[in-house]
Structures are given as C-alpha cells and as structure tokens.
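Note: the block below is run.pdb and it holds PDB, C-alpha atoms.
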ATOM      1  CA  MET A   9      -1.742 154.436-126.526
ATOM      2  CA  LEU A  10       1.270 152.148-126.365
ATOM      3  CA  ARG A  11       4.415 154.114-125.555
ATOM      4  CA  ALA A  12       7.991 152.890-125.854
ATOM      5  CA  ILE A  13       8.701 153.713-122.196
ATOM      6  CA  TYR A  14       6.040 151.186-121.112
ATOM      7  CA  VAL A  15       7.848 148.417-123.003
ATOM      8  CA  VAL A  16      11.251 149.632-121.741
ATOM      9  CA  ASP A  17      10.093 149.412-118.122
ATOM     10  CA  TYR A  18       8.600 145.966-118.688
ATOM     11  CA  LEU A  19      11.741 144.601-120.358
ATOM     12  CA  ARG A  20      14.020 146.137-117.717
ATOM     13  CA  ASP A  21      12.156 144.166-115.057
ATOM     14  CA  GLU A  22      12.385 140.918-117.034
ATOM     15  CA  PHE A  23      15.851 141.226-118.629
ATOM     16  CA  PRO A  24      18.303 143.515-116.813
ATOM     17  CA  LEU A  25      20.081 145.691-119.375
ATOM     18  CA  ALA A  26      20.451 149.379-120.184
ATOM     19  CA  TYR A  27      17.302 150.295-122.157
ATOM     20  CA  PHE A  28      16.475 153.546-123.914
ATOM     21  CA  VAL A  29      13.562 155.065-125.796
ATOM     22  CA  ASN A  30      13.797 155.492-129.590
ATOM     23  CA  GLU A  31      17.604 155.534-129.960
ATOM     24  CA  PHE A  32      20.901 155.080-128.172
ATOM     25  CA  PRO A  33      22.221 158.194-126.478
ATOM     26  CA  GLU A  34      25.862 159.041-127.122
ATOM     27  CA  ASN A  35      26.984 157.796-123.707
ATOM     28  CA  ALA A  36      25.057 154.483-123.812
ATOM     29  CA  PRO A  37      27.032 151.391-122.826
ATOM     30  CA  ASP A  38      27.989 148.884-125.516
ATOM     31  CA  SER A  39      25.503 146.305-124.233
ATOM     32  CA  ALA A  40      22.178 148.080-124.452
ATOM     33  CA  ALA A  41      18.820 148.138-126.205
ATOM     34  CA  TYR A  42      16.246 150.647-127.302
ATOM     35  CA  VAL A  43      12.538 150.382-127.949
ATOM     36  CA  GLN A  44      10.575 152.388-130.465
ATOM     37  CA  VAL A  45       6.951 152.242-131.525
ATOM     38  CA  THR A  46       7.049 151.570-135.261
ATOM     39  CA  GLY A  47       3.469 151.826-136.405
ATOM     40  CA  GLY A  48       0.537 149.511-136.372
ATOM     41  CA  PHE A  49      -2.932 149.421-137.825
ATOM     42  CA  PRO A  50      -5.616 152.099-138.092
ATOM     43  CA  PRO A  51      -7.945 152.206-135.093
ATOM     44  CA  ASP A  52     -11.369 150.683-135.572
ATOM     45  CA  PRO A  53     -13.935 153.273-134.423
ATOM     46  CA  GLU A  54     -16.298 150.460-133.367
ATOM     47  CA  SER A  55     -13.783 148.755-131.055
ATOM     48  CA  SER A  56     -11.538 149.761-128.190
ATOM     49  CA  TYR A  57      -8.900 147.218-129.240
ATOM     50  CA  ARG A  58      -5.768 148.572-130.917
ATOM     51  CA  ARG A  59      -2.900 146.884-132.815
ATOM     52  CA  THR A  60       0.489 148.537-132.557
ATOM     53  CA  SER A  61       3.973 147.472-133.629
ATOM     54  CA  PHE A  62       7.227 148.079-131.826
ATOM     55  CA  GLN A  63      10.898 147.300-132.332
ATOM     56  CA  VAL A  64      13.503 146.259-129.791
ATOM     57  CA  LEU A  65      17.026 146.870-131.091
ATOM     58  CA  ILE A  66      19.707 145.090-129.062
ATOM     59  CA  ARG A  67      23.430 145.563-129.331
ATOM     60  CA  GLY A  68      26.384 144.054-127.513
ATOM     61  CA  SER A  69      30.063 144.789-127.189
ATOM     62  CA  GLU A  70      32.353 143.947-130.079
ATOM     63  CA  PHE A  71      33.317 140.631-128.483
ATOM     64  CA  GLU A  72      29.856 139.531-127.270
ATOM     65  CA  MET A  73      28.248 138.222-130.447
ATOM     66  CA  GLN A  74      27.017 134.981-128.864
ATOM     67  CA  GLU A  75      25.759 136.680-125.674
ATOM     68  CA  THR A  76      23.948 139.340-127.701
ATOM     69  CA  GLU A  77      22.271 136.720-129.866
ATOM     70  CA  GLU A  78      21.258 134.714-126.785
ATOM     71  CA  LEU A  79      19.632 137.757-125.190
ATOM     72  CA  ALA A  80      17.790 138.551-128.425
ATOM     73  CA  LEU A  81      16.517 134.966-128.583
ATOM     74  CA  GLU A  82      15.399 135.065-124.941
ATOM     75  CA  ILE A  83      13.460 138.307-125.400
ATOM     76  CA  HIS A  84      11.944 137.019-128.640
ATOM     77  CA  SER A  85      10.849 133.804-126.957
ATOM     78  CA  HIS A  86       9.479 135.665-123.936
ATOM     79  CA  LEU A  87       7.327 138.116-125.905
ATOM     80  CA  HIS A  88       6.208 136.020-128.886
ATOM     81  CA  GLY A  89       2.835 134.463-128.180
ATOM     82  CA  ARG A  90       2.579 136.084-124.748
ATOM     83  CA  THR A  91      -1.019 136.851-123.806
ATOM     84  CA  GLU A  92      -2.940 138.604-121.065
ATOM     85  CA  PHE A  93      -0.225 140.658-119.357
ATOM     86  CA  GLU A  94       0.082 144.194-118.088
ATOM     87  CA  LEU A  95       2.646 146.882-118.723
ATOM     88  CA  GLN A  96       2.613 148.383-115.240
ATOM     89  CA  THR A  97       4.010 151.820-116.082
ATOM     90  CA  GLY A  98       1.117 152.728-118.312
ATOM     91  CA  GLY A  99      -1.443 150.468-116.690
ATOM     92  CA  MET A 100      -1.884 148.981-120.153
ATOM     93  CA  PHE A 101      -3.332 145.499-120.566
ATOM     94  CA  ILE A 102      -1.832 143.572-123.492
ATOM     95  CA  ARG A 103      -4.158 140.922-124.886
ATOM     96  CA  GLN A 104      -1.634 139.374-127.250
ATOM     97  CA  CYS A 105       1.924 139.973-128.428
ATOM     98  CA  ALA A 106       3.387 138.266-131.494
ATOM     99  CA  ALA A 107       6.740 138.515-133.240
ATOM    100  CA  ASP A 108       6.679 139.829-136.792
ATOM    101  CA  GLN A 109       9.402 137.360-137.845
ATOM    102  CA  PRO A 110      10.344 133.835-136.725
ATOM    103  CA  ALA A 111      13.613 134.853-135.036
ATOM    104  CA  PRO A 112      15.573 137.974-134.148
ATOM    105  CA  LEU A 113      17.137 139.556-137.225
ATOM    106  CA  TYR A 114      20.890 140.047-137.190
ATOM    107  CA  ILE A 115      21.319 143.426-138.837
ATOM    108  CA  GLY A 116      25.104 143.599-138.736
ATOM    109  CA  ARG A 117      27.547 145.652-136.743
ATOM    110  CA  ASP A 118      27.409 149.356-136.060
ATOM    111  CA  GLU A 119      30.265 151.809-136.711
ATOM    112  CA  ASN A 120      31.980 150.592-133.512
ATOM    113  CA  LYS A 121      31.792 146.915-134.552
ATOM    114  CA  ARG A 122      29.054 146.091-132.012
ATOM    115  CA  PRO A 123      26.655 143.312-133.138
ATOM    116  CA  MET A 124      23.007 144.341-133.431
ATOM    117  CA  TYR A 125      19.751 142.401-133.508
ATOM    118  CA  SER A 126      16.299 143.689-134.350
ATOM    119  CA  LEU A 127      13.142 142.213-132.843
ATOM    120  CA  ASN A 128       9.787 143.385-134.131
ATOM    121  CA  PHE A 129       6.426 142.712-132.498
ATOM    122  CA  THR A 130       2.770 143.526-132.971
ATOM    123  CA  CYS A 131       0.529 143.619-129.940
ATOM    124  CA  VAL A 132      -3.196 143.871-129.399
ATOM    125  CA  TYR A 133      -4.292 145.910-126.424
ATOM    126  CA  LEU A 134      -7.379 147.432-124.939
ATOM    127  CA  GLU A 135      -7.453 151.220-124.929
TER     128      GLU A 135
END
Please express what this file holds, its structure, as structure tokens.
Amino acid sequence: MLRAIYVVDYLRDEFPLAYFVNEFPENAPDSAAYVQVTGGFPPDPESSYRRTSFQVLIRGSEFEMQETEELALEIHSHLHGRTEFELQTGGMFIRQCAADQPAPLYIGRDENKRPMYSLNFTCVYLE
C-alpha cells in the first residue's frame, strides 16, 4: 500500500524542504509541503498492480511566489512520466507516475497570505 510517508521521504531526498504527512502542523515553517494519499482505483483481484493517487501541496512565504511556483514546477516535472523507481522507505517499486493535470495548480493564498500550489499524481505500483 502506498503511504504518504514513503512519498515524503522520497521528495525530501530529491528536493530539500520541510515535508509533512496529510497536513501542515501548527508550527510548520512558511516554506513547506505536505503529501496525502487521495484515492485511486479499486484493486483488481487478478493482478498485483495497484493505481493510487496522491497530492503534494506546496506553500511558500508571503513574498516567495516565484520561488514557490518554481519548486512546484520542478517537482511536477520530476514526477510526471517517471518510471521504474523505488520509494526506499517502504521498499515500494513504482512502475509509472503521471501528473493528473498539465501543470501545478495555483490554489491561492492561505489565511497568512502564503501562496499555495497543488500537484496531483497517479502512480502504478506492484504490491
């Protein structure tokens, strides 16, 4: 089963940032991201392949709109179309990862005026 912590650990190695699972804790820095598993497709009883979706929500400080967008674009580009890689924490082998939209979605600013971007992916993995 794909878990958010597996993706967090993978992203932390590739793109240094404060990452969290499912939501931002109260004391999270302005520039941070969280990962949550958002669903997927029903398992096929005749196959050990699974398709699961996850979201990466990235935010930056109030004055880092361009930097936040750049990071979102880099992560999007890195994960979209990526094949045959392993999430070391869970020992999970990802066959394919694809973005659910053509670019990161700017979803506005939070209550503290921090810009936020949502990236959504679906991956195929072997269970």
- Message: Could you list, as a list of chain:residue names, every residue within 9 Å of region 42-54 of chain A, counting all atoms listed in the file and ignoring same-chain residues fewer than 2 positions away?
- Response: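 The residues that qualify are A:Leu10, A:Arg11, A:Ala12, A:Ile13, A:Val15, A:Val16, A:Ala26, A:Tyr27, A:Phe28, A:Val29, A:Asn30, A:Glu31, A:Phe32, A:Ala40, A:Ser56, A:Tyr57, A:Arg58, A:Arg59, A:Thr60, A:Ser61, A:Phe62, A:Gln63, A:Val64, A:Leu65, A:Ile66, A:Asn128, A:Thr130, A:Cys131.
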Selection export as a PDB file, in the coordinates of the input, atoms kept: C-alpha atoms:
ATOM      1  CA  LEU A  10       1.270 152.148-126.365  1.00  0.00           C
ATOM      2  CA  ARG A  11       4.415 154.114-125.555  1.00  0.00           C
ATOM      3  CA  ALA A  12       7.991 152.890-125.854  1.00  0.00           C
ATOM      4  CA  ILE A  13       8.701 153.713-122.196  1.00  0.00           C
ATOM      5  CA  VAL A  15       7.848 148.417-123.003  1.00  0.00           C
ATOM      6  CA  VAL A  16      11.251 149.632-121.741  1.00  0.00           C
ATOM      7  CA  ALA A  26      20.451 149.379-120.184  1.00  0.00           C
ATOM      8  CA  TYR A  27      17.302 150.295-122.157  1.00  0.00           C
ATOM      9  CA  PHE A  28      16.475 153.546-123.914  1.00  0.00           C
ATOM     10  CA  VAL A  29      13.562 155.065-125.796  1.00  0.00           C
ATOM     11  CA  ASN A  30      13.797 155.492-129.590  1.00  0.00           C
ATOM     12  CA  GLU A  31      17.604 155.534-129.960  1.00  0.00           C
ATOM     13  CA  PHE A  32      20.901 155.080-128.172  1.00  0.00           C
ATOM     14  CA  ALA A  40      22.178 148.080-124.452  1.00  0.00           C
ATOM     15  CA  SER A  56     -11.538 149.761-128.190  1.00  0.00           C
ATOM     16  CA  TYR A  57      -8.900 147.218-129.240  1.00  0.00           C
ATOM     17  CA  ARG A  58      -5.768 148.572-130.917  1.00  0.00           C
ATOM     18  CA  ARG A  59      -2.900 146.884-132.815  1.00  0.00           C
ATOM     19  CA  THR A  60       0.489 148.537-132.557  1.00  0.00           C
ATOM     20  CA  SER A  61       3.973 147.472-133.629  1.00  0.00           C
ATOM     21  CA  PHE A  62       7.227 148.079-131.826  1.00  0.00           C
ATOM     22  CA  GLN A  63      10.898 147.300-132.332  1.00  0.00           C
ATOM     23  CA  VAL A  64      13.503 146.259-129.791  1.00  0.00           C
ATOM     24  CA  LEU A  65      17.026 146.870-131.091  1.00  0.00           C
ATOM     25  CA  ILE A  66      19.707 145.090-129.062  1.00  0.00           C
ATOM     26  CA  ASN A 128       9.787 143.385-134.131  1.00  0.00           C
ATOM     27  CA  THR A 130       2.770 143.526-132.971  1.00  0.00           C
ATOM     28  CA  CYS A 131       0.529 143.619-129.940  1.00  0.00           C
TER      29      CYS A 131
END
- Task: Using only C-alpha atoms, pick whichever of A:Pro112, A:Pro24, A:Glu34, A:Asp17 has the shortest atom-to-atom distance to Met124 (chain A).
- Result: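 Closest residue, counting only C-alpha atoms: A:Pro112.
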- Option closest in space to Ser69 (chain A), from A:Gln109, A:Ser126, A:Ser39, A:Gln104 [counting all atoms listed in the file]: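 Smallest distance to Ser69 (chain A) is found for A:Ser39.
Proximity ranking of A:Ile102, A:Leu79, A:Ala41, A:Ala107 relative to Leu134 (chain A) places A:Ile102 first, based on only C-alpha atoms.
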- Query: Pick the closest to Asp21 (chain A) from A:Ile83, A:Glu92, A:Phe71, A:Tyr133: which is it, counting all atoms listed in the file?
  - Reply: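 Among the listed residues, A:Ile83 lies closest to Asp21 (chain A).
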Reconstructed N, CA, C and O atoms for region 86-103 of chain A, given as a PDB file, in the coordinates of the input:
ATOM      1  N   HIS A  86      10.306 135.181-125.038  1.00  0.00           N
ATOM      2  CA  HIS A  86       9.479 135.665-123.936  1.00  0.00           C
ATOM      3  C   HIS A  86       8.258 136.434-124.432  1.00  0.00           C
ATOM      4  O   HIS A  86       7.153 136.281-123.894  1.00  0.00           O
ATOM      5  N   LEU A  87       8.430 137.265-125.447  1.00  0.00           N
ATOM      6  CA  LEU A  87       7.327 138.116-125.905  1.00  0.00           C
ATOM      7  C   LEU A  87       6.429 137.457-126.955  1.00  0.00           C
ATOM      8  O   LEU A  87       5.231 137.717-126.991  1.00  0.00           O
ATOM      9  N   HIS A  88       7.011 136.618-127.812  1.00  0.00           N
ATOM     10  CA  HIS A  88       6.208 136.020-128.886  1.00  0.00           C
ATOM     11  C   HIS A  88       5.164 135.058-128.310  1.00  0.00           C
ATOM     12  O   HIS A  88       5.482 134.124-127.584  1.00  0.00           O
ATOM     13  N   GLY A  89       3.929 135.316-128.627  1.00  0.00           N
ATOM     14  CA  GLY A  89       2.835 134.463-128.180  1.00  0.00           C
ATOM     15  C   GLY A  89       2.370 134.761-126.764  1.00  0.00           C
ATOM     16  O   GLY A  89       1.465 134.095-126.261  1.00  0.00           O
ATOM     17  N   ARG A  90       2.976 135.740-126.120  1.00  0.00           N
ATOM     18  CA  ARG A  90       2.579 136.084-124.748  1.00  0.00           C
ATOM     19  C   ARG A  90       1.192 136.732-124.782  1.00  0.00           C
ATOM     20  O   ARG A  90       0.914 137.576-125.621  1.00  0.00           O
ATOM     21  N   THR A  91       0.341 136.322-123.861  1.00  0.00           N
ATOM     22  CA  THR A  91      -1.019 136.851-123.806  1.00  0.00           C
ATOM     23  C   THR A  91      -1.368 137.302-122.394  1.00  0.00           C
ATOM     24  O   THR A  91      -0.756 136.855-121.414  1.00  0.00           O
ATOM     25  N   GLU A  92      -2.339 138.196-122.342  1.00  0.00           N
ATOM     26  CA  GLU A  92      -2.940 138.604-121.065  1.00  0.00           C
ATOM     27  C   GLU A  92      -1.904 139.052-120.033  1.00  0.00           C
ATOM     28  O   GLU A  92      -1.760 138.455-118.977  1.00  0.00           O
ATOM     29  N   PHE A  93      -1.180 140.122-120.330  1.00  0.00           N
ATOM     30  CA  PHE A  93      -0.225 140.658-119.357  1.00  0.00           C
ATOM     31  C   PHE A  93      -0.319 142.177-119.343  1.00  0.00           C
ATOM     32  O   PHE A  93      -0.852 142.798-120.250  1.00  0.00           O
ATOM     33  N   GLU A  94       0.216 142.753-118.286  1.00  0.00           N
ATOM     34  CA  GLU A  94       0.082 144.194-118.088  1.00  0.00           C
ATOM     35  C   GLU A  94       1.441 144.875-118.118  1.00  0.00           C
ATOM     36  O   GLU A  94       2.409 144.374-117.566  1.00  0.00           O
ATOM     37  N   LEU A  95       1.484 146.012-118.783  1.00  0.00           N
ATOM     38  CA  LEU A  95       2.646 146.882-118.723  1.00  0.00           C
ATOM     39  C   LEU A  95       2.354 147.865-117.600  1.00  0.00           C
ATOM     40  O   LEU A  95       1.545 148.786-117.761  1.00  0.00           O
ATOM     41  N   GLN A  96       2.964 147.654-116.457  1.00  0.00           N
ATOM     42  CA  GLN A  96       2.613 148.383-115.240  1.00  0.00           C
ATOM     43  C   GLN A  96       2.744 149.892-115.365  1.00  0.00           C
ATOM     44  O   GLN A  96       1.918 150.628-114.848  1.00  0.00           O
ATOM     45  N   THR A  97       3.789 150.377-116.007  1.00  0.00           N
ATOM     46  CA  THR A  97       4.010 151.820-116.082  1.00  0.00           C
ATOM     47  C   THR A  97       2.792 152.545-116.619  1.00  0.00           C
ATOM     48  O   THR A  97       2.354 153.534-116.055  1.00  0.00           O
ATOM     49  N   GLY A  98       2.254 152.056-117.697  1.00  0.00           N
ATOM     50  CA  GLY A  98       1.117 152.728-118.312  1.00  0.00           C
ATOM     51  C   GLY A  98      -0.220 152.142-117.914  1.00  0.00           C
ATOM     52  O   GLY A  98      -1.261 152.600-118.380  1.00  0.00           O
ATOM     53  N   GLY A  99      -0.202 151.124-117.051  1.00  0.00           N
ATOM     54  CA  GLY A  99      -1.443 150.468-116.690  1.00  0.00           C
ATOM     55  C   GLY A  99      -2.131 149.878-117.910  1.00  0.00           C
ATOM     56  O   GLY A  99      -3.351 149.778-117.981  1.00  0.00           O
ATOM     57  N   MET A 100      -1.344 149.480-118.892  1.00  0.00           N
ATOM     58  CA  MET A 100      -1.884 148.981-120.153  1.00  0.00           C
ATOM     59  C   MET A 100      -1.964 147.462-120.134  1.00  0.00           C
ATOM     60  O   MET A 100      -1.003 146.790-119.765  1.00  0.00           O
ATOM     61  N   PHE A 101      -3.106 146.935-120.536  1.00  0.00           N
ATOM     62  CA  PHE A 101      -3.332 145.499-120.566  1.00  0.00           C
ATOM     63  C   PHE A 101      -3.140 144.998-121.989  1.00  0.00           C
ATOM     64  O   PHE A 101      -3.882 145.385-122.899  1.00  0.00           O
ATOM     65  N   ILE A 102      -2.128 144.136-122.172  1.00  0.00           N
ATOM     66  CA  ILE A 102      -1.832 143.572-123.492  1.00  0.00           C
ATOM     67  C   ILE A 102      -2.591 142.251-123.627  1.00  0.00           C
ATOM     68  O   ILE A 102      -2.426 141.347-122.813  1.00  0.00           O
ATOM     69  N   ARG A 103      -3.410 142.163-124.642  1.00  0.00           N
ATOM     70  CA  ARG A 103      -4.158 140.922-124.886  1.00  0.00           C
ATOM     71  C   ARG A 103      -3.279 139.876-125.548  1.00  0.00           C
ATOM     72  O   ARG A 103      -3.345 138.700-125.226  1.00  0.00           O
TER      73      ARG A 103
END
